[in-house]
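Below: protein.tsv (TSV, C-alpha atoms (C1' of nucleotides))
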```tsv
chain	number	residue	atom	x	y	z
A	1	MET	CA	-7.41	108.45	124.63
A	2	ALA	CA	-8.17	109.10	128.28
A	3	THR	CA	-9.43	105.55	128.71
A	4	ALA	CA	-6.34	104.16	127.04
A	5	TRP	CA	-4.13	106.01	129.53
A	6	GLU	CA	-6.31	104.82	132.35
A	7	LEU	CA	-5.83	101.20	131.34
A	8	ALA	CA	-2.11	101.66	130.81
A	9	ARG	CA	-1.83	103.00	134.35
A	10	GLU	CA	-3.72	99.99	135.69
A	11	ASN	CA	-2.09	97.18	133.75
A	12	GLY	CA	1.21	98.64	132.73
A	13	LEU	CA	2.07	100.03	129.34
A	14	ALA	CA	2.83	96.64	127.83
A	15	GLY	CA	-0.28	95.23	129.49
A	16	LEU	CA	-2.59	97.48	127.55
A	17	SER	CA	-4.88	95.48	125.28
A	18	LEU	CA	-7.33	96.53	122.62
A	19	ARG	CA	-9.92	94.12	123.98
A	20	ASP	CA	-9.76	95.73	127.41
A	21	LEU	CA	-9.95	99.16	125.88
A	22	ALA	CA	-13.00	98.28	123.82
A	23	ARG	CA	-14.70	96.65	126.79
A	24	ARG	CA	-14.23	99.70	128.97
A	25	LEU	CA	-15.53	101.95	126.22
A	26	GLY	CA	-18.62	99.76	125.91
A	27	MET	CA	-17.66	98.78	122.39
A	28	ALA	CA	-16.95	95.56	120.63
A	29	ALA	CA	-13.23	95.15	120.06
A	30	PRO	CA	-13.28	95.45	116.26
A	31	SER	CA	-15.02	98.82	116.47
A	32	LEU	CA	-11.75	100.32	117.67
A	33	TYR	CA	-10.35	99.86	114.22
A	34	SER	CA	-12.51	102.74	113.05
A	35	TYR	CA	-10.32	104.99	115.17
A	36	VAL	CA	-6.98	103.28	115.10
A	37	ASP	CA	-5.19	101.26	112.47
A	38	SER	CA	-3.37	98.95	114.84
A	39	LYS	CA	-2.08	98.72	118.34
A	40	ALA	CA	1.14	100.38	117.29
A	41	ASP	CA	-0.95	103.21	115.93
A	42	LEU	CA	-2.65	103.54	119.31
A	43	TYR	CA	0.71	103.81	121.05
A	44	ASP	CA	1.72	106.43	118.54
A	45	ALA	CA	-1.43	108.44	119.24
A	46	MET	CA	-0.71	108.19	122.96
A	47	TYR	CA	2.86	109.28	122.37
A	48	ALA	CA	1.67	112.38	120.52
A	49	ASP	CA	-0.98	113.03	123.15
A	50	GLY	CA	1.61	112.75	125.90
A	51	TRP	CA	3.96	115.27	124.38
A	52	ARG	CA	1.06	117.61	123.75
A	53	SER	CA	0.43	117.52	127.47
A	54	VAL	CA	4.00	118.72	127.96
A	55	LEU	CA	3.39	121.60	125.58
A	56	ALA	CA	0.25	122.34	127.58
A	57	LEU	CA	2.51	123.23	130.50
A	58	GLY	CA	3.07	126.45	128.59
A	59	HIS	CA	6.23	128.42	128.01
A	60	PRO	CA	8.64	128.52	130.93
A	61	GLU	CA	8.83	131.74	132.87
A	62	PRO	CA	11.76	133.86	131.73
A	63	ALA	CA	14.42	134.50	134.34
A	64	ASP	CA	17.48	136.64	134.90
A	65	ASP	CA	19.75	133.95	136.22
A	66	VAL	CA	20.66	130.48	135.12
A	67	ARG	CA	19.52	128.70	138.24
A	68	THR	CA	16.05	130.22	138.18
A	69	ALA	CA	15.73	129.66	134.46
A	70	LEU	CA	16.50	125.97	134.89
A	71	LEU	CA	14.14	125.53	137.81
A	72	ASN	CA	11.35	127.33	135.97
A	73	VAL	CA	11.39	124.61	133.34
A	74	GLN	CA	12.39	121.56	135.27
A	75	ARG	CA	10.16	121.93	138.29
A	76	PRO	CA	6.91	121.80	136.30
A	77	TYR	CA	8.35	119.07	134.11
A	78	VAL	CA	9.20	116.84	137.04
A	79	GLN	CA	5.79	117.51	138.48
A	80	TRP	CA	4.24	116.54	135.17
A	81	ALA	CA	6.31	113.34	135.01
A	82	LEU	CA	5.27	112.27	138.50
A	83	GLU	CA	1.61	112.66	137.60
A	84	ASP	CA	1.80	109.67	135.32
A	85	PRO	CA	4.84	107.37	135.35
A	86	VAL	CA	3.43	105.25	132.56
A	87	ARG	CA	3.16	108.27	130.31
A	88	TYR	CA	6.75	109.17	131.12
A	89	GLN	CA	7.75	105.62	130.31
A	90	LEU	CA	6.14	105.68	126.87
A	91	LEU	CA	7.57	109.07	126.01
A	92	ASN	CA	11.05	108.76	127.42
A	93	GLN	CA	12.08	105.16	127.66
A	94	ARG	CA	12.42	102.49	125.02
A	95	THR	CA	10.24	100.00	126.74
A	96	ILE	CA	7.70	98.41	124.40
A	97	PRO	CA	9.40	96.04	121.97
A	98	GLY	CA	8.69	97.36	118.48
A	99	PHE	CA	7.44	100.86	119.06
A	100	GLU	CA	8.88	103.88	117.31
A	101	PRO	CA	6.97	107.12	117.01
A	102	SER	CA	5.85	108.32	113.60
A	103	ALA	CA	7.46	111.43	112.15
A	104	PRO	CA	4.54	113.77	112.98
A	105	SER	CA	4.38	112.52	116.55
A	106	TYR	CA	8.10	112.83	116.98
A	107	ALA	CA	7.92	116.41	115.76
A	108	ILE	CA	5.76	117.27	118.76
A	109	ALA	CA	8.37	115.77	121.04
A	110	GLN	CA	11.02	117.89	119.38
A	111	GLU	CA	9.01	121.03	119.87
A	112	ALA	CA	8.70	120.27	123.56
A	113	TYR	CA	12.43	119.59	123.70
A	114	ALA	CA	13.28	122.90	122.08
A	115	ARG	CA	10.93	124.80	124.31
A	116	SER	CA	12.55	123.35	127.41
A	117	PHE	CA	15.61	125.49	126.73
A	118	SER	CA	13.80	128.69	125.84
A	119	SER	CA	14.27	130.28	129.24
A	120	LEU	CA	17.94	129.38	129.26
A	121	GLU	CA	19.04	130.24	125.74
A	122	PRO	CA	18.80	134.01	126.23
A	123	LEU	CA	21.21	133.77	129.13
A	124	VAL	CA	23.74	131.19	128.02
A	125	GLU	CA	25.31	130.05	124.77
A	126	LEU	CA	24.47	126.38	125.06
A	127	THR	CA	26.39	123.58	123.39
A	128	GLN	CA	24.70	120.31	122.54
A	129	GLY	CA	26.70	118.76	125.34
A	130	ASP	CA	25.20	121.24	127.78
A	131	ARG	CA	21.69	120.38	126.67
A	132	ASP	CA	22.39	116.67	126.84
A	133	LEU	CA	23.81	116.94	130.34
A	134	ILE	CA	20.78	118.88	131.53
A	135	THR	CA	18.33	116.38	130.12
A	136	ALA	CA	20.40	113.51	131.48
A	137	VAL	CA	20.47	114.86	135.01
A	138	VAL	CA	16.71	115.33	135.13
A	139	ALA	CA	16.03	112.05	133.35
A	140	GLY	CA	18.31	110.38	135.89
A	141	LEU	CA	16.35	111.68	138.84
A	142	LEU	CA	13.12	110.49	137.27
A	143	SER	CA	14.50	107.15	136.16
A	144	GLN	CA	15.79	106.37	139.63
A	145	GLN	CA	12.63	107.67	141.25
A	146	PHE	CA	10.34	105.44	139.23
A	147	ALA	CA	12.56	102.38	139.45
A	148	ASN	CA	13.62	102.45	143.06
A	149	ASP	CA	11.09	104.50	144.97
A	150	PRO	CA	7.87	104.48	142.97
A	151	GLY	CA	5.30	106.73	144.52
A	152	GLY	CA	7.91	108.40	146.72
A	153	THR	CA	10.09	111.48	146.42
A	154	ARG	CA	13.56	110.22	147.33
A	155	TRP	CA	15.18	111.36	144.08
A	156	VAL	CA	12.93	114.09	142.77
A	157	ARG	CA	13.33	116.08	145.95
A	158	LEU	CA	16.98	116.43	144.96
A	159	LEU	CA	16.02	118.49	141.92
A	160	GLU	CA	17.44	121.73	143.31
A	161	ASP	CA	20.67	119.98	144.28
A	162	ALA	CA	20.86	118.48	140.82
A	163	VAL	CA	20.33	121.84	139.20
A	164	ASP	CA	23.05	123.28	141.39
A	165	LEU	CA	25.44	120.71	139.99
A	166	VAL	CA	24.91	122.06	136.49
A	167	VAL	CA	24.74	125.78	137.22
A	168	PRO	CA	28.48	126.45	137.55
A	169	ARG	CA	29.20	124.86	134.19
A	170	LEU	CA	26.62	127.10	132.56
A	171	GLU	CA	27.51	130.27	134.42
A	172	ALA	CA	30.94	130.02	132.88
A	173	LYS	CA	29.35	130.58	129.48
A	174	LYS	CA	27.03	133.43	130.30
A	175	LYS	CA	26.07	135.82	127.53
A	176	PRO	CA	26.77	139.56	127.91
A	177	ALA	CA	23.31	140.08	129.51
A	178	ALA	CA	21.34	141.90	126.81
A	179	SER	CA	18.96	143.15	129.46
A	180	ALA	CA	16.35	141.87	127.09
A	181	ARG	CA	13.25	142.59	129.05
A	182	GLY	CA	14.43	146.04	130.03
A	183	ARG	CA	14.34	145.37	133.75
A	184	HIS	CA	17.77	146.69	134.52
A	185	PRO	CA	17.95	150.49	134.66
A	186	GLN	CA	21.50	150.74	133.37
B	1	MET	CA	20.16	81.57	131.44
B	2	ALA	CA	22.37	82.55	128.52
B	3	THR	CA	19.68	81.54	126.06
B	4	ALA	CA	17.07	83.51	127.95
B	5	TRP	CA	19.20	86.66	127.68
B	6	GLU	CA	19.77	85.95	124.04
B	7	LEU	CA	16.05	85.82	123.35
B	8	ALA	CA	15.39	88.90	125.43
B	9	ARG	CA	17.91	90.80	123.35
B	10	GLU	CA	16.22	89.62	120.17
B	11	ASN	CA	12.57	90.12	121.06
B	12	GLY	CA	12.71	92.65	123.83
B	13	LEU	CA	12.39	91.92	127.52
B	14	ALA	CA	8.61	91.84	127.44
B	15	GLY	CA	8.72	89.78	124.27
B	16	LEU	CA	10.47	86.91	125.95
B	17	SER	CA	8.32	83.79	126.02
B	18	LEU	CA	8.77	80.44	127.68
B	19	ARG	CA	7.77	78.68	124.47
B	20	ASP	CA	10.51	80.40	122.49
B	21	LEU	CA	13.00	79.63	125.19
B	22	ALA	CA	12.07	75.96	125.25
B	23	ARG	CA	12.18	75.74	121.49
B	24	ARG	CA	15.65	77.21	121.31
B	25	LEU	CA	16.83	74.87	124.02
B	26	GLY	CA	15.45	71.92	122.06
B	27	MET	CA	12.95	71.16	124.80
B	28	ALA	CA	9.21	70.93	125.01
B	29	ALA	CA	7.80	73.98	126.73
B	30	PRO	CA	6.51	72.26	129.86
B	31	SER	CA	9.96	70.86	130.59
B	32	LEU	CA	11.07	74.34	131.59
B	33	TYR	CA	8.92	74.06	134.65
B	34	SER	CA	11.45	71.68	136.09
B	35	TYR	CA	13.85	74.61	136.26
B	36	VAL	CA	11.58	77.55	136.82
B	37	ASP	CA	8.32	77.90	138.69
B	38	SER	CA	6.81	80.54	136.45
B	39	LYS	CA	7.71	83.27	134.04
B	40	ALA	CA	8.07	85.72	136.90
B	41	ASP	CA	10.51	83.29	138.46
B	42	LEU	CA	12.55	83.30	135.26
B	43	TYR	CA	12.73	87.09	135.29
B	44	ASP	CA	13.82	86.93	138.90
B	45	ALA	CA	16.60	84.48	138.04
B	46	MET	CA	17.70	86.80	135.23
B	47	TYR	CA	17.63	89.74	137.61
B	48	ALA	CA	19.91	87.93	140.03
B	49	ASP	CA	22.14	86.78	137.20
B	50	GLY	CA	22.40	90.33	135.89
B	51	TRP	CA	23.50	91.80	139.19
B	52	ARG	CA	25.98	88.99	139.62
B	53	SER	CA	27.54	90.12	136.36
B	54	VAL	CA	27.97	93.55	137.92
B	55	LEU	CA	29.71	91.99	140.90
B	56	ALA	CA	31.90	90.14	138.42
B	57	LEU	CA	33.33	93.50	137.38
B	58	GLY	CA	35.29	93.22	140.59
B	59	HIS	CA	36.09	95.81	143.20
B	60	PRO	CA	36.78	99.28	141.88
B	61	GLU	CA	40.36	100.43	141.86
B	62	PRO	CA	41.12	102.58	144.89
B	63	ALA	CA	42.12	106.15	144.19
B	64	ASP	CA	43.54	109.17	145.93
B	65	ASP	CA	41.15	111.74	144.54
B	66	VAL	CA	37.43	111.95	144.17
B	67	ARG	CA	37.35	112.30	140.43
B	68	THR	CA	39.47	109.24	139.79
B	69	ALA	CA	37.57	107.24	142.37
B	70	LEU	CA	34.29	108.04	140.63
B	71	LEU	CA	35.60	107.24	137.18
B	72	ASN	CA	37.13	103.97	138.36
B	73	VAL	CA	33.65	102.74	139.23
B	74	GLN	CA	31.48	104.42	136.68
B	75	ARG	CA	33.52	103.82	133.58
B	76	PRO	CA	33.37	100.04	133.80
B	77	TYR	CA	29.74	100.23	134.88
B	78	VAL	CA	28.71	102.27	131.84
B	79	GLN	CA	30.68	99.89	129.68
B	80	TRP	CA	28.85	96.99	131.25
B	81	ALA	CA	25.47	98.67	130.72
B	82	LEU	CA	26.16	99.29	127.04
B	83	GLU	CA	26.99	95.65	126.52
B	84	ASP	CA	23.38	94.69	127.04
B	85	PRO	CA	20.66	97.34	127.14
B	86	VAL	CA	17.98	94.77	127.85
B	87	ARG	CA	19.83	93.59	130.92
B	88	TYR	CA	20.13	97.17	132.10
B	89	GLN	CA	16.43	97.61	131.51
B	90	LEU	CA	15.48	94.60	133.64
B	91	LEU	CA	17.81	95.57	136.44
B	92	ASN	CA	17.32	99.32	136.55
B	93	GLN	CA	13.97	100.25	135.11
B	94	ARG	CA	10.47	99.27	136.16
B	95	THR	CA	9.43	98.05	132.78
B	96	ILE	CA	7.67	94.70	132.91
B	97	PRO	CA	4.22	95.04	134.44
B	98	GLY	CA	4.14	92.83	137.52
B	99	PHE	CA	7.79	92.10	138.19
B	100	GLU	CA	9.44	92.70	141.51
B	101	PRO	CA	12.63	90.94	142.49
B	102	SER	CA	12.58	88.45	145.32
B	103	ALA	CA	14.39	89.29	148.52
B	104	PRO	CA	17.45	87.12	147.81
B	105	SER	CA	17.82	88.56	144.31
B	106	TYR	CA	17.42	92.07	145.58
B	107	ALA	CA	20.15	91.46	148.13
B	108	ILE	CA	22.61	90.90	145.28
B	109	ALA	CA	21.59	94.22	143.80
B	110	GLN	CA	22.22	95.89	147.13
B	111	GLU	CA	25.66	94.39	147.39
B	112	ALA	CA	26.53	95.77	143.96
B	113	TYR	CA	25.13	99.14	145.02
B	114	ALA	CA	27.22	99.24	148.17
B	115	ARG	CA	30.34	98.21	146.34
B	116	SER	CA	29.91	101.03	143.84
B	117	PHE	CA	30.82	103.49	146.57
B	118	SER	CA	33.72	101.57	148.03
B	119	SER	CA	36.38	103.59	146.25
B	120	LEU	CA	34.75	106.85	147.27
B	121	GLU	CA	33.85	106.22	150.90
B	122	PRO	CA	37.46	106.32	152.13
B	123	LEU	CA	37.83	109.79	150.66
B	124	VAL	CA	34.51	111.48	151.37
B	125	GLU	CA	31.86	111.36	154.06
B	126	LEU	CA	28.90	110.63	151.80
B	127	THR	CA	25.31	111.49	152.62
B	128	GLN	CA	22.46	109.51	151.12
B	129	GLY	CA	21.73	112.53	148.97
B	130	ASP	CA	25.27	112.38	147.56
B	131	ARG	CA	24.86	108.73	146.68
B	132	ASP	CA	21.48	109.33	145.11
B	133	LEU	CA	22.79	112.19	143.01
B	134	ILE	CA	25.68	110.10	141.76
B	135	THR	CA	23.47	107.20	140.77
B	136	ALA	CA	20.98	109.59	139.18
B	137	VAL	CA	23.57	111.30	137.00
B	138	VAL	CA	24.89	108.03	135.65
B	139	ALA	CA	21.42	106.53	135.30
B	140	GLY	CA	20.41	109.66	133.40
B	141	LEU	CA	23.20	109.29	130.87
B	142	LEU	CA	22.26	105.67	130.30
B	143	SER	CA	18.53	106.30	130.20
B	144	GLN	CA	18.92	109.02	127.59
B	145	GLN	CA	21.46	106.98	125.67
B	146	PHE	CA	19.20	103.95	125.33
B	147	ALA	CA	16.04	105.94	124.64
B	148	ASN	CA	17.29	108.55	122.21
B	149	ASP	CA	20.46	107.23	120.64
B	150	PRO	CA	20.39	103.44	120.92
B	151	GLY	CA	23.62	101.94	119.72
B	152	GLY	CA	25.35	105.32	119.77
B	153	THR	CA	27.47	107.20	122.30
B	154	ARG	CA	25.92	110.67	122.36
B	155	TRP	CA	25.25	110.66	126.10
B	156	VAL	CA	27.68	108.13	127.51
B	157	ARG	CA	30.63	110.00	126.04
B	158	LEU	CA	29.69	112.79	128.45
B	159	LEU	CA	30.55	110.61	131.42
B	160	GLU	CA	33.64	112.60	132.36
B	161	ASP	CA	31.74	115.86	132.07
B	162	ALA	CA	28.98	114.41	134.21
B	163	VAL	CA	31.45	113.27	136.84
B	164	ASP	CA	32.96	116.75	136.83
B	165	LEU	CA	29.57	118.15	137.71
B	166	VAL	CA	29.51	116.13	140.90
B	167	VAL	CA	33.13	116.40	141.96
B	168	PRO	CA	33.00	119.90	143.49
B	169	ARG	CA	30.07	118.96	145.71
B	170	LEU	CA	32.02	115.98	147.02
B	171	GLU	CA	35.38	117.72	147.36
B	172	ALA	CA	33.74	120.07	149.81
B	173	LYS	CA	33.25	117.13	152.16
B	174	LYS	CA	36.65	115.52	151.92
B	175	LYS	CA	37.87	113.45	154.83
B	176	PRO	CA	41.16	114.33	156.53
B	177	ALA	CA	43.03	111.97	154.17
B	178	ALA	CA	43.91	109.04	156.37
B	179	SER	CA	46.61	108.06	153.93
B	180	ALA	CA	45.08	104.66	154.25
B	181	ARG	CA	47.17	102.75	151.81
B	182	GLY	CA	50.38	104.31	153.08
B	183	ARG	CA	51.34	105.85	149.77
B	184	HIS	CA	52.10	109.30	151.10
B	185	PRO	CA	55.43	109.54	152.87
B	186	GLN	CA	54.29	112.12	155.39
C	1	DG	C1'	-19.45	103.90	112.98
C	2	DT	C1'	-20.75	99.92	115.14
C	3	DC	C1'	-21.99	95.23	115.38
C	4	DT	C1'	-21.50	89.75	115.32
C	5	DA	C1'	-18.80	86.23	114.03
C	6	DT	C1'	-14.63	84.40	113.35
C	7	DA	C1'	-9.75	83.45	111.92
C	8	DC	C1'	-5.39	82.86	113.48
C	9	DT	C1'	-1.74	82.79	116.69
C	10	DA	C1'	0.22	82.59	120.91
C	11	DA	C1'	0.62	83.01	125.69
C	12	DG	C1'	1.29	80.69	130.66
C	13	DA	C1'	0.35	76.74	132.99
C	14	DT	C1'	-1.16	71.80	134.48
C	15	DA	C1'	-2.01	66.58	134.23
C	16	DG	C1'	-0.20	62.48	133.89
C	17	DA	C1'	2.62	58.95	131.41
C	18	DC	C1'	7.40	57.35	130.75
D	1	DG	C1'	13.78	65.37	133.87
D	2	DT	C1'	11.25	65.11	129.83
D	3	DC	C1'	7.45	64.15	127.03
D	4	DT	C1'	2.47	64.61	124.73
D	5	DA	C1'	-1.80	66.40	125.25
D	6	DT	C1'	-4.62	69.82	126.80
D	7	DC	C1'	-6.78	73.84	129.43
D	8	DT	C1'	-7.72	78.55	129.64
D	9	DT	C1'	-7.14	82.89	128.29
D	10	DA	C1'	-5.92	86.40	125.42
D	11	DG	C1'	-3.94	88.79	121.72
D	12	DT	C1'	-4.39	91.45	116.87
D	13	DA	C1'	-6.93	91.58	113.04
D	14	DT	C1'	-10.50	90.83	109.10
D	15	DA	C1'	-15.16	89.99	106.75
D	16	DG	C1'	-19.42	91.43	106.04
D	17	DA	C1'	-24.12	92.89	107.71
D	18	DC	C1'	-26.76	96.85	109.61
```
Starting from the file, give its structure as C-alpha cells.
Amino acid sequence: MATAWELARENGLAGLSLRDLARRLGMAAPSLYSYVDSKADLYDAMYADGWRSVLALGHPEPADDVRTALLNVQRPYVQWALEDPVRYQLLNQRTIPGFEPSAPSYAIAQEAYARSFSSLEPLVELTQGDRDLITAVVAGLLSQQFANDPGGTRWVRLLEDAVDLVVPRLEAKKKPAASARGRHPQ
Amino acid sequence: MATAWELARENGLAGLSLRDLARRLGMAAPSLYSYVDSKADLYDAMYADGWRSVLALGHPEPADDVRTALLNVQRPYVQWALEDPVRYQLLNQRTIPGFEPSAPSYAIAQEAYARSFSSLEPLVELTQGDRDLITAVVAGLLSQQFANDPGGTRWVRLLEDAVDLVVPRLEAKKKPAASARGRHPQ
DNA sequence: GTCTATACTAAGATAGAC
DNA sequence: GTCTATCTTAGTATAGAC
C-alpha cells in the first residue's frame, strides 16, 4: 500500500501502473494478483486506506463555540490534505475514468464524514445545507490550492477567513447550550 | 476540437486517445500530427478552447449591489461548468499527470479570471484574499457537486446561500458609490 | 505466494511515399 | 495533408510450474 502511494505521488494517480508497482516491490508483475484482483481493486484498497488515515486523525476536540469547533476539525483536515495531494485527489475528486469505490470502502468515507461534524453537532442544529456548505468551502480552498498554487499556501492560509464566512450562518441556529461537559458553573 | 471534447466526455479526460480521435474523424492516426504536435499539445489546445468558451459568456451584467454583482457572474459560470464536467476538470483541476498549459493558453484563462470580477470591482475595493475566497467558494460547490453528486444539483443549488456567506465581508469594504452609470439622480 | 512465459490490446510517435 | 507501415513501450491479465 505504501509503495502504491509512493508511485502515485511520483507519476500521478492515473500514471500508476501495476508493472511499476511490482518492479519496485521486487516482484514479478503477475505476483500482485495474489493481493489484488485488478487495478480497480487496487484503487479501491487505496481509497479505503486513505479514508482510514482520516479516521486516524482522531476525534475532533470538543469546543464551546462554533468557530473553534469548526477550526478543530478543519485545521487538521487541511493539514492532512496537504500532506498528499494525490491521496486527496483519489478520495475527493472524480478523476480516474471508471473508478467508483466499493460499498465497504465507501462506508469508511461516510464514517469520516459523519465524524467531521461531531464537534459541531452539540452546538448547532445543522441542516444538510449547512453541512454541504461547510464541506464545499473547505473543498474549495483545497481544490484551488492544488490546481493553482501546488506546493504553496495561497488558499489554505485563508482557512480562518473561510470559517468566519460560515460562522454567522451557524450562530443563528445555536442550540440552548446544554453545558454538556459541565464547564459552566451556572 | 469538438470531436476531441466529445471523446473526452465519453471516455474521461485521461481516457482520450489520439487513435480514437483519428478514427472518429475518419483519419489515420498519424494524420493528426499535421494539426497537433503531441498529445500534450492537444490538451493545451483544448484548455485554450475551454477558456475561450468562458469568455464567450460575455461580460457580466453590471449591478448596483454586491450580491447581484456576484450572482450575475457566478450563475452563468456555474451553468457553464455543469454543461461539461470534463471541460471543468481540464481547466480547473490538476488531473492529468504531466499537463501544464502553455503561456498563451494560460493568458486566456487569466483574462477570464480578471473579467469575473469586473462587475464587482466598481463596487468594492477587493483584496487578493477576497478574490481567492470568492473563487474558492464557487470552486468548492462545483468540486463537491462533480465528485459526490454527478449529474445532480445538491451543491450547486446552494449557490445563493454560498454567495450570501461572502456578501457581508465585501459589504464592509464598499466604495463610496461613484454612481458610475448615472442611474442615481443625486 | 511467487515465478516465467505469454497473450492481447493499445498507447504515442516517426519515416517516408504519394 | 494524408496515407501505410512500423517502432517502442506499456498496459492488464491469464496459464501453469515450483
Select from chain C every residue with an atom at most 9 Å from any atom of range 7-15 of chain D, then for each give the shortest pair of atoms and their distance in Å to one decimal, using only C-alpha atoms (C1' of nucleotides), rows by chain and rising number, as a tab-separated table.
```
residue	atom	partner	partner_atom	distance
C:DA5	C1'	D:DA15	C1'	9.0
C:DT6	C1'	D:DA15	C1'	8.7
C:DA7	C1'	D:DT14	C1'	7.9
C:DC8	C1'	D:DA13	C1'	8.9
C:DT9	C1'	D:DG11	C1'	8.1
C:DA10	C1'	D:DG11	C1'	7.5
C:DA11	C1'	D:DA10	C1'	7.4
C:DA13	C1'	D:DC7	C1'	8.5
C:DT14	C1'	D:DC7	C1'	7.8
```
Q: Have a look at CA of Glu160 in chain A and CA of Gly58 in chain A and let me know their distance in Å, one decimal.
A: 21.1 Å
Q: Please determine the contact residues of chain C with respect to chain A at a cut-off of 8 Å, counting all atoms listed in the file, and supply them as number ranges by chain.
A: C: 1-3
Q: Quick one: pull the distance between CA of Gly140 in chain B and CA of Leu159 in chain B, Å, one decimal.
A: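 Value for the CA of Gly140 in chain B-CA of Leu159 in chain B distance: 10.4 Å.
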List every residue of chain A that has an atom at most 9 Å from any atom of chain D, giving for each one its closest atom pair and the distance in Å to one decimal, counting all atoms listed in the file, sorted by chain and then by ascending residue number, as CSV.
```
residue,atom,partner,partner_atom,distance
A:Ser17,CA,D:DG11,C1',7.6
A:Leu18,CA,D:DT12,C1',8.2
A:Arg19,CA,D:DG11,C1',8.3
A:Pro30,CA,D:DA13,C1',8.1
A:Ser38,CA,D:DT12,C1',7.8
A:Lys39,CA,D:DT12,C1',7.8
```
Residues of the last selection are to be written out with C-alpha atoms, as a CSV table (one decimal), in the coordinates of the input.
```csv
chain,number,residue,atom,x,y,z
A,17,SER,CA,-4.9,95.5,125.3
A,18,LEU,CA,-7.3,96.5,122.6
A,19,ARG,CA,-9.9,94.1,124.0
A,30,PRO,CA,-13.3,95.4,116.3
A,38,SER,CA,-3.4,99.0,114.8
A,39,LYS,CA,-2.1,98.7,118.3
```
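Here CA of Ala177 in chain B is placed at a distance of 28.5 Å from CA of Val167 in chain A.
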Q) What residues in chain A lie within 6 Å of chain B, counting all atoms listed in the file, written as a ChimeraX atom specification? A) /A:12,93-94,97,136-137,139-141,147,165
Q) What lies within 12 Å of Ser116 in chain A using all atoms listed in the file, ignoring chain neighbours under 5 positions off, as a VMD selection string? A) chain A and resid 54 to 55 57 to 62 69 to 77 109 to 111 121 131 to 132 134 to 135 138
How would the residues just picked look written out with C-alpha atoms as a tab-separated table (two decimals), in the frame of the given file?
```
chain	number	residue	atom	x	y	z
A	54	VAL	CA	4.00	118.72	127.96
A	55	LEU	CA	3.39	121.60	125.58
A	57	LEU	CA	2.51	123.23	130.50
A	58	GLY	CA	3.07	126.45	128.59
A	59	HIS	CA	6.23	128.42	128.01
A	60	PRO	CA	8.64	128.52	130.93
A	61	GLU	CA	8.83	131.74	132.87
A	62	PRO	CA	11.76	133.86	131.73
A	69	ALA	CA	15.73	129.66	134.46
A	70	LEU	CA	16.50	125.97	134.89
A	71	LEU	CA	14.14	125.53	137.81
A	72	ASN	CA	11.35	127.33	135.97
A	73	VAL	CA	11.39	124.61	133.34
A	74	GLN	CA	12.39	121.56	135.27
A	75	ARG	CA	10.16	121.93	138.29
A	76	PRO	CA	6.91	121.80	136.30
A	77	TYR	CA	8.35	119.07	134.11
A	109	ALA	CA	8.37	115.77	121.04
A	110	GLN	CA	11.02	117.89	119.38
A	111	GLU	CA	9.01	121.03	119.87
A	121	GLU	CA	19.04	130.24	125.74
A	131	ARG	CA	21.69	120.38	126.67
A	132	ASP	CA	22.39	116.67	126.84
A	134	ILE	CA	20.78	118.88	131.53
A	135	THR	CA	18.33	116.38	130.12
A	138	VAL	CA	16.71	115.33	135.13
```
Q.
Can you pull out the residues contacting Lys175 in chain A? Cut-off 8 Å, using all atoms listed in the file, and skip same-chain residues under 2 positions away; I want them as a ChimeraX atom specification.
A. /A:122-125,173,177-178
Report, as AutoDock Vina command-line options, the axis-aligned box around all atoms of range 127-132 of chain B present in the file, extended by 3 Å on each side; give centre and edge lengths in Å to one decimal place.
```
--center_x 23.4 --center_y 110.6 --center_z 148.9 --size_x 9.8 --size_y 9.8 --size_z 13.5
```
